[in-house]
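Engineer: My file is data-v9.cif. It has mmCIF, C-alpha atoms:
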```
data_work
loop_
_atom_site.group_PDB
_atom_site.id
_atom_site.type_symbol
_atom_site.label_atom_id
_atom_site.label_comp_id
_atom_site.auth_asym_id
_atom_site.auth_seq_id
_atom_site.Cartn_x
_atom_site.Cartn_y
_atom_site.Cartn_z
ATOM 1 C CA MET B 1 70.959 95.615 91.063
ATOM 2 C CA ILE B 2 73.901 93.222 91.054
ATOM 3 C CA SER B 3 74.486 89.567 91.897
ATOM 4 C CA VAL B 4 76.873 88.544 94.671
ATOM 5 C CA LEU B 5 78.208 85.041 94.011
ATOM 6 C CA MET B 6 79.621 82.986 96.875
ATOM 7 C CA PRO B 7 80.437 79.296 96.377
ATOM 8 C CA VAL B 8 81.083 77.350 99.568
ATOM 9 C CA TYR B 9 82.483 73.947 100.448
ATOM 10 C CA ASN B 10 82.963 72.804 104.065
ATOM 11 C CA CYS B 11 83.359 76.253 105.580
ATOM 12 C CA GLU B 12 81.226 76.015 108.736
ATOM 13 C CA LYS B 13 83.829 77.828 110.839
ATOM 14 C CA TYR B 14 83.952 81.077 108.872
ATOM 15 C CA ILE B 15 80.943 81.345 106.560
ATOM 16 C CA SER B 16 78.840 83.271 109.076
ATOM 17 C CA GLN B 17 81.400 86.101 109.062
ATOM 18 C CA ALA B 18 81.477 86.194 105.258
ATOM 19 C CA ILE B 19 77.684 86.261 104.903
ATOM 20 C CA THR B 20 77.270 88.931 107.571
ATOM 21 C CA SER B 21 79.883 91.167 105.929
ATOM 22 C CA ILE B 22 77.895 91.076 102.669
ATOM 23 C CA LEU B 23 74.508 91.629 104.292
ATOM 24 C CA ASN B 24 75.977 94.635 106.156
ATOM 25 C CA GLN B 25 77.122 96.384 102.971
ATOM 26 C CA THR B 26 76.136 100.038 102.637
ATOM 27 C CA PHE B 27 75.084 99.170 99.073
ATOM 28 C CA LYS B 28 71.890 97.161 99.613
ATOM 29 C CA GLU B 29 70.502 96.334 96.181
ATOM 30 C CA PHE B 30 71.734 92.861 95.314
ATOM 31 C CA GLU B 31 70.789 89.224 95.150
ATOM 32 C CA PHE B 32 73.083 87.013 97.209
ATOM 33 C CA LEU B 33 73.703 83.644 95.568
ATOM 34 C CA ILE B 34 75.160 81.173 98.048
ATOM 35 C CA ILE B 35 75.948 77.882 96.319
ATOM 36 C CA ASN B 36 76.766 74.940 98.557
ATOM 37 C CA ASP B 37 79.064 72.653 96.582
ATOM 38 C CA GLY B 38 78.104 69.463 98.451
ATOM 39 C CA SER B 39 79.500 70.367 101.876
ATOM 40 C CA THR B 40 79.732 67.486 104.359
ATOM 41 C CA ASP B 41 80.106 69.579 107.530
ATOM 42 C CA ASN B 42 77.617 71.966 109.187
ATOM 43 C CA THR B 43 77.885 74.646 106.495
ATOM 44 C CA GLU B 44 74.220 74.313 105.495
ATOM 45 C CA LYS B 45 73.083 74.573 109.106
ATOM 46 C CA VAL B 46 74.977 77.867 109.499
ATOM 47 C CA ILE B 47 73.575 79.272 106.238
ATOM 48 C CA ASN B 48 70.037 78.443 107.331
ATOM 49 C CA THR B 49 70.396 80.610 110.446
ATOM 50 C CA PHE B 50 70.198 83.668 108.164
ATOM 51 C CA SER B 51 66.849 85.080 107.119
ATOM 52 C CA ASP B 52 67.240 87.726 104.426
ATOM 53 C CA LYS B 53 65.156 87.930 101.257
ATOM 54 C CA ARG B 54 68.271 88.790 99.239
ATOM 55 C CA ILE B 55 69.792 85.366 99.936
ATOM 56 C CA LYS B 56 69.204 82.676 97.308
ATOM 57 C CA TYR B 57 70.581 79.414 98.627
ATOM 58 C CA ILE B 58 71.320 76.496 96.311
ATOM 59 C CA LYS B 59 72.699 73.118 97.363
ATOM 60 C CA ARG B 60 74.142 70.744 94.781
ATOM 61 C CA LYS B 61 76.425 67.737 94.463
ATOM 62 C CA HIS B 62 80.134 68.392 94.881
ATOM 63 C CA SER B 63 81.554 69.402 91.512
ATOM 64 C CA GLY B 64 84.555 71.601 92.324
ATOM 65 C CA ILE B 65 85.088 75.349 92.553
ATOM 66 C CA SER B 66 85.325 76.111 88.813
ATOM 67 C CA ASN B 67 82.167 74.215 87.903
ATOM 68 C CA THR B 68 80.315 75.827 90.810
ATOM 69 C CA LEU B 69 81.409 79.311 89.727
ATOM 70 C CA ASN B 70 80.258 78.696 86.156
ATOM 71 C CA TYR B 71 76.955 77.363 87.479
ATOM 72 C CA GLY B 72 76.570 80.502 89.606
ATOM 73 C CA ILE B 73 77.272 82.764 86.643
ATOM 74 C CA GLU B 74 74.432 81.076 84.761
ATOM 75 C CA LYS B 75 72.087 81.432 87.732
ATOM 76 C CA ALA B 76 72.911 85.103 88.357
ATOM 77 C CA GLN B 77 70.075 87.438 87.365
ATOM 78 C CA TYR B 78 72.157 90.558 86.818
ATOM 79 C CA ASP B 79 74.981 91.520 84.473
ATOM 80 C CA LEU B 80 77.344 92.690 87.203
ATOM 81 C CA ILE B 81 78.578 89.851 89.399
ATOM 82 C CA ALA B 82 80.532 90.410 92.615
ATOM 83 C CA ARG B 83 82.622 87.494 93.820
ATOM 84 C CA MET B 84 82.918 86.643 97.485
ATOM 85 C CA ASP B 85 84.759 83.815 99.222
ATOM 86 C CA ALA B 86 83.118 81.958 102.091
ATOM 87 C CA ASP B 87 85.997 82.550 104.513
ATOM 88 C CA ASP B 88 86.776 86.220 103.784
ATOM 89 C CA ILE B 89 85.366 89.507 105.065
ATOM 90 C CA ALA B 90 84.159 92.348 102.844
ATOM 91 C CA HIS B 91 84.779 95.956 103.851
ATOM 92 C CA PRO B 92 81.341 97.572 104.558
ATOM 93 C CA GLU B 93 81.850 100.047 101.687
ATOM 94 C CA ARG B 94 83.235 97.499 99.215
ATOM 95 C CA LEU B 95 80.246 97.144 96.868
ATOM 96 C CA LYS B 96 79.329 100.831 96.969
ATOM 97 C CA ILE B 97 82.838 102.010 96.081
ATOM 98 C CA GLN B 98 83.219 99.494 93.250
ATOM 99 C CA ILE B 99 79.751 100.004 91.765
ATOM 100 C CA ASP B 100 80.106 103.800 91.888
ATOM 101 C CA TYR B 101 83.377 103.569 89.971
ATOM 102 C CA MET B 102 81.977 101.197 87.346
ATOM 103 C CA LEU B 103 78.946 103.418 86.773
ATOM 104 C CA LYS B 104 81.221 106.417 86.222
ATOM 105 C CA ASN B 105 83.573 104.353 84.030
ATOM 106 C CA PRO B 106 81.398 102.010 81.928
ATOM 107 C CA GLY B 107 84.415 100.854 79.901
ATOM 108 C CA ILE B 108 85.722 98.862 82.881
ATOM 109 C CA ASP B 109 84.924 95.140 82.602
ATOM 110 C CA VAL B 110 86.647 93.785 85.732
ATOM 111 C CA ILE B 111 87.250 95.726 88.941
ATOM 112 C CA SER B 112 88.946 94.601 92.140
ATOM 113 C CA SER B 113 90.953 96.276 94.912
ATOM 114 C CA TRP B 114 93.833 96.056 97.347
ATOM 115 C CA TYR B 115 93.360 93.455 100.062
ATOM 116 C CA ALA B 116 94.605 92.747 103.578
ATOM 117 C CA VAL B 117 95.754 89.231 104.401
ATOM 118 C CA PHE B 118 94.903 88.123 107.929
ATOM 119 C CA ASN B 119 95.445 85.079 110.096
ATOM 120 C CA LYS B 120 94.171 84.382 113.613
ATOM 121 C CA ASN B 121 92.292 87.695 113.698
ATOM 122 C CA LYS B 122 95.373 89.777 112.944
ATOM 123 C CA ILE B 123 96.336 91.482 109.682
ATOM 124 C CA ALA B 124 99.689 90.126 108.514
ATOM 125 C CA TYR B 125 100.236 92.337 105.481
ATOM 126 C CA ILE B 126 98.492 94.317 102.739
ATOM 127 C CA ILE B 127 98.674 93.590 99.011
ATOM 128 C CA LYS B 128 98.745 96.795 96.931
ATOM 129 C CA LEU B 129 97.769 95.925 93.373
ATOM 130 C CA PRO B 130 98.487 98.138 90.326
ATOM 131 C CA GLU B 131 95.722 100.561 89.387
ATOM 132 C CA TRP B 132 95.546 100.756 85.594
ATOM 133 C CA ASN B 133 94.905 98.124 82.942
ATOM 134 C CA ASP B 134 98.338 98.167 81.238
ATOM 135 C CA GLU B 135 100.227 97.691 84.491
ATOM 136 C CA ILE B 136 97.760 95.050 85.707
ATOM 137 C CA VAL B 137 98.364 93.062 82.508
ATOM 138 C CA LYS B 138 102.152 93.354 82.898
ATOM 139 C CA LYS B 139 101.995 92.088 86.473
ATOM 140 C CA LEU B 140 99.913 89.105 85.348
ATOM 141 C CA ALA B 141 103.183 87.722 83.992
ATOM 142 C CA LEU B 142 104.105 86.743 87.554
ATOM 143 C CA PHE B 143 100.985 86.665 89.711
ATOM 144 C CA SER B 144 97.286 87.417 89.791
ATOM 145 C CA SER B 145 97.188 91.211 89.864
ATOM 146 C CA VAL B 146 93.406 91.038 90.275
ATOM 147 C CA CYS B 147 92.005 90.101 93.711
ATOM 148 C CA HIS B 148 89.488 87.358 92.953
ATOM 149 C CA PRO B 149 87.397 87.542 96.183
ATOM 150 C CA SER B 150 87.189 91.321 95.700
ATOM 151 C CA VAL B 151 86.230 91.293 92.039
ATOM 152 C CA ILE B 152 83.154 92.544 90.195
ATOM 153 C CA PHE B 153 82.901 91.585 86.542
ATOM 154 C CA LYS B 154 80.495 91.850 83.650
ATOM 155 C CA LYS B 155 78.708 88.522 83.308
ATOM 156 C CA GLU B 156 78.399 88.408 79.524
ATOM 157 C CA LYS B 157 82.071 89.302 78.992
ATOM 158 C CA ILE B 158 83.161 86.371 81.159
ATOM 159 C CA LYS B 159 80.729 83.996 79.443
ATOM 160 C CA ILE B 160 82.158 84.911 76.025
ATOM 161 C CA LEU B 161 85.569 83.820 77.319
ATOM 162 C CA GLY B 162 84.132 80.446 78.334
ATOM 163 C CA GLY B 163 84.033 81.142 82.067
ATOM 164 C CA TYR B 164 86.336 79.354 84.491
ATOM 165 C CA ASN B 165 88.454 76.405 83.374
ATOM 166 C CA GLU B 166 86.811 73.370 84.973
ATOM 167 C CA ASN B 167 89.945 71.274 84.522
ATOM 168 C CA LEU B 168 91.730 73.351 87.151
ATOM 169 C CA ASN B 169 91.449 72.705 90.874
ATOM 170 C CA GLY B 170 93.090 75.948 91.937
ATOM 171 C CA ALA B 171 94.262 79.234 90.378
ATOM 172 C CA GLN B 172 91.209 79.156 88.090
ATOM 173 C CA ASP B 173 90.919 82.923 88.499
ATOM 174 C CA TYR B 174 94.520 83.498 87.388
ATOM 175 C CA ASP B 175 93.900 81.366 84.308
ATOM 176 C CA LEU B 176 90.766 83.389 83.529
ATOM 177 C CA TRP B 177 92.520 86.760 83.824
ATOM 178 C CA LEU B 178 95.334 85.581 81.553
ATOM 179 C CA ARG B 179 92.804 84.512 78.929
ATOM 180 C CA ALA B 180 90.937 87.813 79.361
ATOM 181 C CA LYS B 181 93.903 90.217 79.298
ATOM 182 C CA ASN B 182 93.628 91.097 75.588
ATOM 183 C CA ASP B 183 89.839 91.406 75.543
ATOM 184 C CA LEU B 184 88.796 93.041 78.825
ATOM 185 C CA ILE B 185 89.684 96.235 80.670
ATOM 186 C CA PHE B 186 90.804 95.860 84.304
ATOM 187 C CA TYR B 187 90.931 98.351 87.149
ATOM 188 C CA ASN B 188 91.938 98.088 90.826
ATOM 189 C CA ILE B 189 90.540 100.413 93.493
ATOM 190 C CA GLN B 190 93.523 101.798 95.402
ATOM 191 C CA GLU B 191 92.318 100.906 98.874
ATOM 192 C CA VAL B 192 91.665 97.755 100.894
ATOM 193 C CA LEU B 193 88.124 96.499 100.311
ATOM 194 C CA THR B 194 88.584 92.829 101.224
ATOM 195 C CA LEU B 195 90.057 91.072 104.238
ATOM 196 C CA TYR B 196 91.524 87.837 102.881
ATOM 197 C CA ARG B 197 91.927 84.888 105.220
ATOM 198 C CA TYR B 198 95.262 83.126 104.840
ATOM 199 C CA ASP B 199 94.700 79.377 104.388
ATOM 200 C CA SER B 200 97.617 77.562 106.013
ATOM 201 C CA ASN B 201 96.121 74.199 105.056
ATOM 202 C CA PHE B 202 96.487 74.836 101.329
ATOM 203 C CA SER B 203 99.730 73.531 99.871
ATOM 204 C CA ASP B 204 101.882 76.431 98.664
ATOM 205 C CA LYS B 205 103.948 74.070 96.554
ATOM 206 C CA TYR B 206 100.856 72.597 94.895
ATOM 207 C CA LYS B 207 99.541 76.067 94.034
ATOM 208 C CA ARG B 208 102.929 77.165 92.725
ATOM 209 C CA ASN B 209 103.010 74.148 90.409
ATOM 210 C CA ILE B 210 99.608 75.116 89.017
ATOM 211 C CA PHE B 211 100.777 78.689 88.408
ATOM 212 C CA TYR B 212 103.878 77.474 86.579
ATOM 213 C CA HIS B 213 101.800 75.211 84.352
ATOM 214 C CA ILE B 214 99.262 77.958 83.554
ATOM 215 C CA GLN B 215 102.004 80.452 82.681
ATOM 216 C CA GLU B 216 103.897 78.101 80.345
ATOM 217 C CA LYS B 217 102.272 79.013 77.031
ATOM 218 C CA TYR B 218 102.383 82.743 77.744
ATOM 219 C CA TYR B 219 106.118 82.691 78.415
ATOM 220 C CA LYS B 220 106.822 81.423 74.914
ATOM 221 C CA ASN B 221 106.411 85.033 73.815
ATOM 222 C CA ILE B 222 106.572 87.215 76.909
ATOM 223 C CA GLU B 223 107.080 90.369 74.838
ATOM 224 C CA LYS B 224 103.837 89.950 72.909
ATOM 225 C CA GLU B 225 101.754 88.574 75.787
ATOM 226 C CA PHE B 226 102.694 91.126 78.461
ATOM 227 C CA ASN B 227 104.309 93.970 76.508
ATOM 228 C CA ILE B 228 107.618 93.402 78.312
ATOM 229 C CA THR B 229 110.260 94.474 75.787
ATOM 230 C CA ASP B 230 113.373 95.318 77.816
ATOM 231 C CA ARG B 231 115.902 92.440 77.828
ATOM 232 C CA ASN B 232 116.743 92.769 81.526
ATOM 233 C CA GLU B 233 113.081 93.015 82.461
ATOM 234 C CA LYS B 234 112.324 89.836 80.515
ATOM 235 C CA LEU B 235 115.197 88.039 82.268
ATOM 236 C CA TYR B 236 114.002 89.304 85.639
ATOM 237 C CA ASN B 237 110.440 88.059 85.037
ATOM 238 C CA ARG B 238 111.670 84.660 83.898
ATOM 239 C CA ALA B 239 113.999 84.439 86.915
ATOM 240 C CA VAL B 240 111.296 85.373 89.431
ATOM 241 C CA ARG B 241 108.896 82.938 87.793
ATOM 242 C CA GLU B 242 111.431 80.148 88.298
ATOM 243 C CA LEU B 243 112.165 81.263 91.861
ATOM 244 C CA PHE B 244 108.522 81.307 92.970
ATOM 245 C CA TYR B 245 107.015 78.528 90.897
ATOM 246 C CA GLY B 246 109.767 76.481 89.241
ATOM 247 C CA ASP B 247 113.499 75.834 89.695
ATOM 248 C CA LYS B 248 115.462 78.156 92.016
ATOM 249 C CA HIS B 249 118.772 77.154 90.408
ATOM 250 C CA LYS B 250 117.453 78.142 86.999
ATOM 251 C CA ALA B 251 116.283 81.416 88.543
ATOM 252 C CA ARG B 252 119.845 82.229 89.560
ATOM 253 C CA GLU B 253 121.224 81.320 86.124
ATOM 254 C CA LEU B 254 118.728 83.652 84.431
ATOM 255 C CA MET B 255 119.411 86.491 86.844
ATOM 256 C CA LEU B 256 123.169 86.289 86.251
ATOM 257 C CA LYS B 257 122.606 86.809 82.511
ATOM 258 C CA SER B 258 121.456 90.387 83.213
ATOM 259 C CA ASN B 259 123.774 93.354 82.812
ATOM 260 C CA PHE B 260 125.998 94.562 85.665
ATOM 261 C CA VAL B 261 123.596 97.238 86.926
ATOM 262 C CA GLN B 262 120.627 94.870 86.943
ATOM 263 C CA ILE B 263 122.498 92.111 88.798
ATOM 264 C CA PHE B 264 123.414 94.453 91.657
ATOM 265 C CA SER B 265 119.933 95.912 92.068
ATOM 266 C CA ILE B 266 118.235 95.043 95.359
ATOM 267 C CA ARG B 267 115.532 92.949 93.711
ATOM 268 C CA SER B 268 118.056 90.891 91.719
ATOM 269 C CA LEU B 269 120.298 90.305 94.741
ATOM 270 C CA TYR B 270 117.205 89.102 96.611
ATOM 271 C CA VAL B 271 116.494 86.526 93.899
ATOM 272 C CA ILE B 272 120.115 85.361 93.844
ATOM 273 C CA PHE B 273 120.307 85.154 97.651
ATOM 274 C CA ILE B 274 117.160 83.033 98.004
ATOM 275 C CA SER B 275 118.274 80.713 95.210
ATOM 276 C CA PHE B 276 121.286 79.654 97.335
ATOM 277 C CA LEU B 277 119.194 78.657 100.360
ATOM 278 C CA LYS B 278 118.688 75.039 101.312
ATOM 279 C CA GLU B 279 115.323 73.597 100.342
ATOM 280 C CA LYS B 280 113.712 73.740 103.782
ATOM 281 C CA ARG B 281 114.625 77.382 104.387
ATOM 282 C CA TYR B 282 113.759 78.318 100.806
ATOM 283 C CA GLU B 283 110.277 76.827 101.205
ATOM 284 C CA LYS B 284 109.822 78.607 104.535
ATOM 285 C CA ILE B 285 110.633 82.016 103.036
ATOM 286 C CA LEU B 286 108.184 81.463 100.173
ATOM 287 C CA HIS B 287 105.519 80.154 102.560
ATOM 288 C CA LYS B 288 105.859 83.052 105.017
ATOM 289 C CA LYS B 289 106.073 85.608 102.179
ATOM 290 C CA PHE B 290 108.748 87.640 103.966
ATOM 291 C CA TRP B 291 109.126 90.108 101.071
ATOM 292 C CA LEU B 292 105.469 91.114 101.457
ATOM 293 C CA ARG B 293 105.790 91.462 105.218
ATOM 294 C CA ILE B 294 108.862 93.696 104.816
ATOM 295 C CA SER B 295 106.987 95.903 102.303
ATOM 296 C CA PHE B 296 104.110 96.094 104.766
ATOM 297 C CA LEU B 297 106.398 97.286 107.566
ATOM 298 C CA LYS B 298 107.707 100.025 105.257
ATOM 299 C CA LEU B 299 104.100 101.141 104.663
ATOM 300 C CA LEU B 300 103.579 101.521 108.403
ATOM 301 C CA LEU B 301 106.308 104.144 108.629
ATOM 302 C CA LYS B 302 103.630 106.634 107.515
ATOM 303 C CA MET B 303 101.084 107.749 110.094
ATOM 304 C CA GLU B 304 98.192 107.730 107.603
ATOM 305 C CA ASN B 305 98.853 104.053 106.826
ATOM 306 C CA ARG B 306 98.906 103.183 110.537
ATOM 307 C CA LYS B 307 95.508 104.873 110.911
ATOM 308 C CA LYS B 308 94.096 102.879 108.006
ATOM 309 C CA LEU B 309 95.461 99.666 109.506
ATOM 310 C CA LYS B 310 93.739 100.500 112.784
ATOM 311 C CA GLU B 311 90.442 100.961 110.930
ATOM 312 C CA LEU B 312 90.859 97.608 109.169
ATOM 313 C CA ASN B 313 91.609 95.853 112.452
ATOM 314 C CA ILE B 314 88.414 97.313 113.915
ATOM 315 C CA ILE B 315 86.429 95.833 111.001
ATOM 316 C CA LEU B 316 88.210 92.506 111.482
ATOM 317 C CA LYS B 317 87.337 92.423 115.191
ATOM 318 C CA LEU B 318 83.678 93.123 114.427
ATOM 319 C CA TYR B 319 83.453 89.784 112.631
ATOM 320 C CA SER B 320 85.740 87.753 114.904
#
```
Produce structure tokens that represent the structure in this file.
Structural biologist:
Amino acid sequence: MISVLMPVYNCEKYISQAITSILNQTFKEFEFLIINDGSTDNTEKVINTFSDKRIKYIKRKHSGISNTLNYGIEKAQYDLIARMDADDIAHPERLKIQIDYMLKNPGIDVISSWYAVFNKNKIAYIIKLPEWNDEIVKKLALFSSVCHPSVIFKKEKIKILGGYNENLNGAQDYDLWLRAKNDLIFYNIQEVLTLYRYDSNFSDKYKRNIFYHIQEKYYKNIEKEFNITDRNEKLYNRAVRELFYGDKHKARELMLKSNFVQIFSIRSLYVIFISFLKEKRYEKILHKKFWLRISFLKLLLKMENRKKLKELNIILKLYS
């Protein structure tokens, strides 16, 4: 048995799809903790339309996502906790695939997967996360290389770390993974197990500021924290960090300190090019995530990837 933990706040429009996708899992043995964090819309009314003995519904005063997650961890009966967001859709095989892998590999503490980002019932792009622990930790230097709404973790291991930081109102998962990187073992299933709804109402700039703040102490010694030892690689990481979350002009300055070969690599030229854009266009490129969309189009050159995309779109339509 496992616990599925889903906090919710004012999500009347999408929560039915999220709940249904969990109840329809091929893996059936779980408790489903749905914690209403003081919603003021019709979220509770939608939740109450479901009648399934696995659902354990709790309503409490609004206290924020981090506090609600920590509360849910305490309430969970089982050691393995699967996270689920109230506006996303879980692949029908998600829990089975992840649980099977964890049972065969008991040393894994945190497991997630690739995920497909969708908007208006259409998949925009797919995020392919690194598979093994060492590479996952390296990628944490720039972004969350663990998909939070697709994660299963060991309850006691997360509690030892102090759970989620309740002072953060966003990116609390990224902060947790950074704190956990030296103590826990991560793994990402190399297939899409979560359909992630793109939230256009959330401020990209606000989230980027949070990321920059969270990363600050780790960048004081990037070599020790992320095992990034090559000089050019360190400069590249610092430049990309500035480009995405900080100062684009500083990003260009850092990139130009690299050696000749590094500067004229495609990835470096991309950083330098974007750093010259005017603010409005720069923000648009970051908001639309063009580099991810281009990578996605390259994936679709292979027939097998087009078939997988078709399968994912069928799942998406089932819950639309």
Engineer: Suppose a student applies the PyMOL selection byres ((chain B and resi 116-118) around 8) to this structure; what residues should they get, written as a list in words?
Structural biologist: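 With the shown file as input, the PyMOL selection byres ((chain B and resi 116-118) around 8) matches Trp114, Tyr115, Asn119, Lys120, Asn121, Lys122, Ile123, Ala124, Tyr125, Ile126, Ile127, Val192, Thr194, Leu195, Tyr196, Arg197 and Tyr198 of chain B.
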Engineer: What is the atom CA of B:Thr229-atom CA of B:Gln215 distance in Å, reported with one decimal?
Structural biologist: 17.7 Å
Engineer: Could you write out as number ranges by chain the residues that the PyMOL selection byres ((chain B and resi 183-191) around 6) matches in the shown file?
Structural biologist: B: 108-114, 131-133, 180-182, 192
Engineer: Keeping only C-alpha atoms, take the residues you just selected and write them out as a PDB file, in the frame of the given file.
Structural biologist:
```pdb
ATOM      1  CA  ILE B 108      85.722  98.862  82.881  1.00  0.00           C
ATOM      2  CA  ASP B 109      84.924  95.140  82.602  1.00  0.00           C
ATOM      3  CA  VAL B 110      86.647  93.785  85.732  1.00  0.00           C
ATOM      4  CA  ILE B 111      87.250  95.726  88.941  1.00  0.00           C
ATOM      5  CA  SER B 112      88.946  94.601  92.140  1.00  0.00           C
ATOM      6  CA  SER B 113      90.953  96.276  94.912  1.00  0.00           C
ATOM      7  CA  TRP B 114      93.833  96.056  97.347  1.00  0.00           C
ATOM      8  CA  GLU B 131      95.722 100.561  89.387  1.00  0.00           C
ATOM      9  CA  TRP B 132      95.546 100.756  85.594  1.00  0.00           C
ATOM     10  CA  ASN B 133      94.905  98.124  82.942  1.00  0.00           C
ATOM     11  CA  ALA B 180      90.937  87.813  79.361  1.00  0.00           C
ATOM     12  CA  LYS B 181      93.903  90.217  79.298  1.00  0.00           C
ATOM     13  CA  ASN B 182      93.628  91.097  75.588  1.00  0.00           C
ATOM     14  CA  VAL B 192      91.665  97.755 100.894  1.00  0.00           C
TER      15      VAL B 192
END
```
Engineer: Which residues fall under the PyMOL selection byres ((chain B and resi 137) around 9) in this file, as a PyMOL selection string?
Structural biologist: chain B and resi 132-136+138-141+145+177-178+181-182+186+225-227
Engineer: Keeping only C-alpha atoms, write those residues as an mmCIF file, keeping the file's coordinate frame.
Structural biologist:
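Just written: out_2.cif:
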```
data_model
loop_
_atom_site.group_PDB
_atom_site.id
_atom_site.type_symbol
_atom_site.label_atom_id
_atom_site.label_comp_id
_atom_site.auth_asym_id
_atom_site.auth_seq_id
_atom_site.Cartn_x
_atom_site.Cartn_y
_atom_site.Cartn_z
ATOM 1 C CA TRP B 132 95.546 100.756 85.594
ATOM 2 C CA ASN B 133 94.905 98.124 82.942
ATOM 3 C CA ASP B 134 98.338 98.167 81.238
ATOM 4 C CA GLU B 135 100.227 97.691 84.491
ATOM 5 C CA ILE B 136 97.760 95.050 85.707
ATOM 6 C CA LYS B 138 102.152 93.354 82.898
ATOM 7 C CA LYS B 139 101.995 92.088 86.473
ATOM 8 C CA LEU B 140 99.913 89.105 85.348
ATOM 9 C CA ALA B 141 103.183 87.722 83.992
ATOM 10 C CA SER B 145 97.188 91.211 89.864
ATOM 11 C CA TRP B 177 92.520 86.760 83.824
ATOM 12 C CA LEU B 178 95.334 85.581 81.553
ATOM 13 C CA LYS B 181 93.903 90.217 79.298
ATOM 14 C CA ASN B 182 93.628 91.097 75.588
ATOM 15 C CA PHE B 186 90.804 95.860 84.304
ATOM 16 C CA GLU B 225 101.754 88.574 75.787
ATOM 17 C CA PHE B 226 102.694 91.126 78.461
ATOM 18 C CA ASN B 227 104.309 93.970 76.508
#
```
Engineer: So which residues touch stretch 13-21 of chain B within 12 Å, counting all atoms listed in the file, skipping near sequence neighbours fewer than 6 positions away, as a short mmCIF file (atom, residue, chain, number, x, y, z; two decimals) with C-alpha atoms, in the frame of the given file?
Structural biologist:
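And here's part_24.cif as it stands now:
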```cif
data_model
loop_
_atom_site.label_atom_id
_atom_site.label_comp_id
_atom_site.auth_asym_id
_atom_site.auth_seq_id
_atom_site.Cartn_x
_atom_site.Cartn_y
_atom_site.Cartn_z
CA VAL B 4 76.87 88.54 94.67
CA LEU B 5 78.21 85.04 94.01
CA MET B 6 79.62 82.99 96.88
CA PRO B 7 80.44 79.30 96.38
CA PHE B 27 75.08 99.17 99.07
CA LYS B 28 71.89 97.16 99.61
CA PHE B 32 73.08 87.01 97.21
CA LEU B 33 73.70 83.64 95.57
CA ILE B 34 75.16 81.17 98.05
CA ILE B 35 75.95 77.88 96.32
CA ASN B 36 76.77 74.94 98.56
CA ASP B 41 80.11 69.58 107.53
CA ASN B 42 77.62 71.97 109.19
CA THR B 43 77.89 74.65 106.50
CA GLU B 44 74.22 74.31 105.50
CA LYS B 45 73.08 74.57 109.11
CA VAL B 46 74.98 77.87 109.50
CA ILE B 47 73.58 79.27 106.24
CA ASN B 48 70.04 78.44 107.33
CA THR B 49 70.40 80.61 110.45
CA PHE B 50 70.20 83.67 108.16
CA SER B 51 66.85 85.08 107.12
CA ASP B 52 67.24 87.73 104.43
CA ARG B 54 68.27 88.79 99.24
CA ILE B 55 69.79 85.37 99.94
CA LYS B 56 69.20 82.68 97.31
CA TYR B 57 70.58 79.41 98.63
CA ARG B 83 82.62 87.49 93.82
CA MET B 84 82.92 86.64 97.48
CA ASP B 85 84.76 83.82 99.22
CA ALA B 86 83.12 81.96 102.09
CA ASP B 87 86.00 82.55 104.51
CA ASP B 88 86.78 86.22 103.78
CA ILE B 89 85.37 89.51 105.06
CA ALA B 90 84.16 92.35 102.84
CA HIS B 91 84.78 95.96 103.85
CA PRO B 92 81.34 97.57 104.56
CA GLU B 93 81.85 100.05 101.69
CA ARG B 94 83.24 97.50 99.22
CA LEU B 95 80.25 97.14 96.87
CA LYS B 120 94.17 84.38 113.61
CA ASN B 121 92.29 87.70 113.70
CA PRO B 149 87.40 87.54 96.18
CA LEU B 193 88.12 96.50 100.31
CA THR B 194 88.58 92.83 101.22
CA LEU B 195 90.06 91.07 104.24
CA TYR B 196 91.52 87.84 102.88
CA ARG B 197 91.93 84.89 105.22
CA ASP B 199 94.70 79.38 104.39
CA ILE B 315 86.43 95.83 111.00
CA LEU B 316 88.21 92.51 111.48
CA LYS B 317 87.34 92.42 115.19
CA LEU B 318 83.68 93.12 114.43
CA TYR B 319 83.45 89.78 112.63
CA SER B 320 85.74 87.75 114.90
#
```
Engineer: One number please: atom CA of B:Lys310 to atom CA of B:Asp100, in Å, one decimal.
Structural biologist: 25.2 Å
Engineer: Give me the residues within 10 Å of B:Arg60 as an mmCIF file with C-alpha atoms, in the frame of the given file, counting only C-alpha atoms and dropping any in the same chain fewer than 2 places off.
Structural biologist:
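Done, and the output landed in out_32.cif:
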```
data_model
loop_
_atom_site.group_PDB
_atom_site.id
_atom_site.type_symbol
_atom_site.label_atom_id
_atom_site.label_comp_id
_atom_site.auth_asym_id
_atom_site.auth_seq_id
_atom_site.Cartn_x
_atom_site.Cartn_y
_atom_site.Cartn_z
ATOM 1 C CA ILE B 35 75.948 77.882 96.319
ATOM 2 C CA ASN B 36 76.766 74.940 98.557
ATOM 3 C CA ASP B 37 79.064 72.653 96.582
ATOM 4 C CA GLY B 38 78.104 69.463 98.451
ATOM 5 C CA SER B 39 79.500 70.367 101.876
ATOM 6 C CA ILE B 58 71.320 76.496 96.311
ATOM 7 C CA HIS B 62 80.134 68.392 94.881
ATOM 8 C CA SER B 63 81.554 69.402 91.512
ATOM 9 C CA THR B 68 80.315 75.827 90.810
#
```
Engineer: Interatomic distance between atom CA of B:Lys284 and atom CA of B:Gly246?
Structural biologist: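 We find that atom CA of B:Lys284 and atom CA of B:Gly246 lie 15.4 Å from each other.
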Engineer: Please determine, counting only C-alpha atoms, which residue among B:Tyr236, B:Trp291, B:Tyr282, B:Tyr71 has the shortest atom-to-atom distance to B:Ala251.
Structural biologist: B:Tyr236
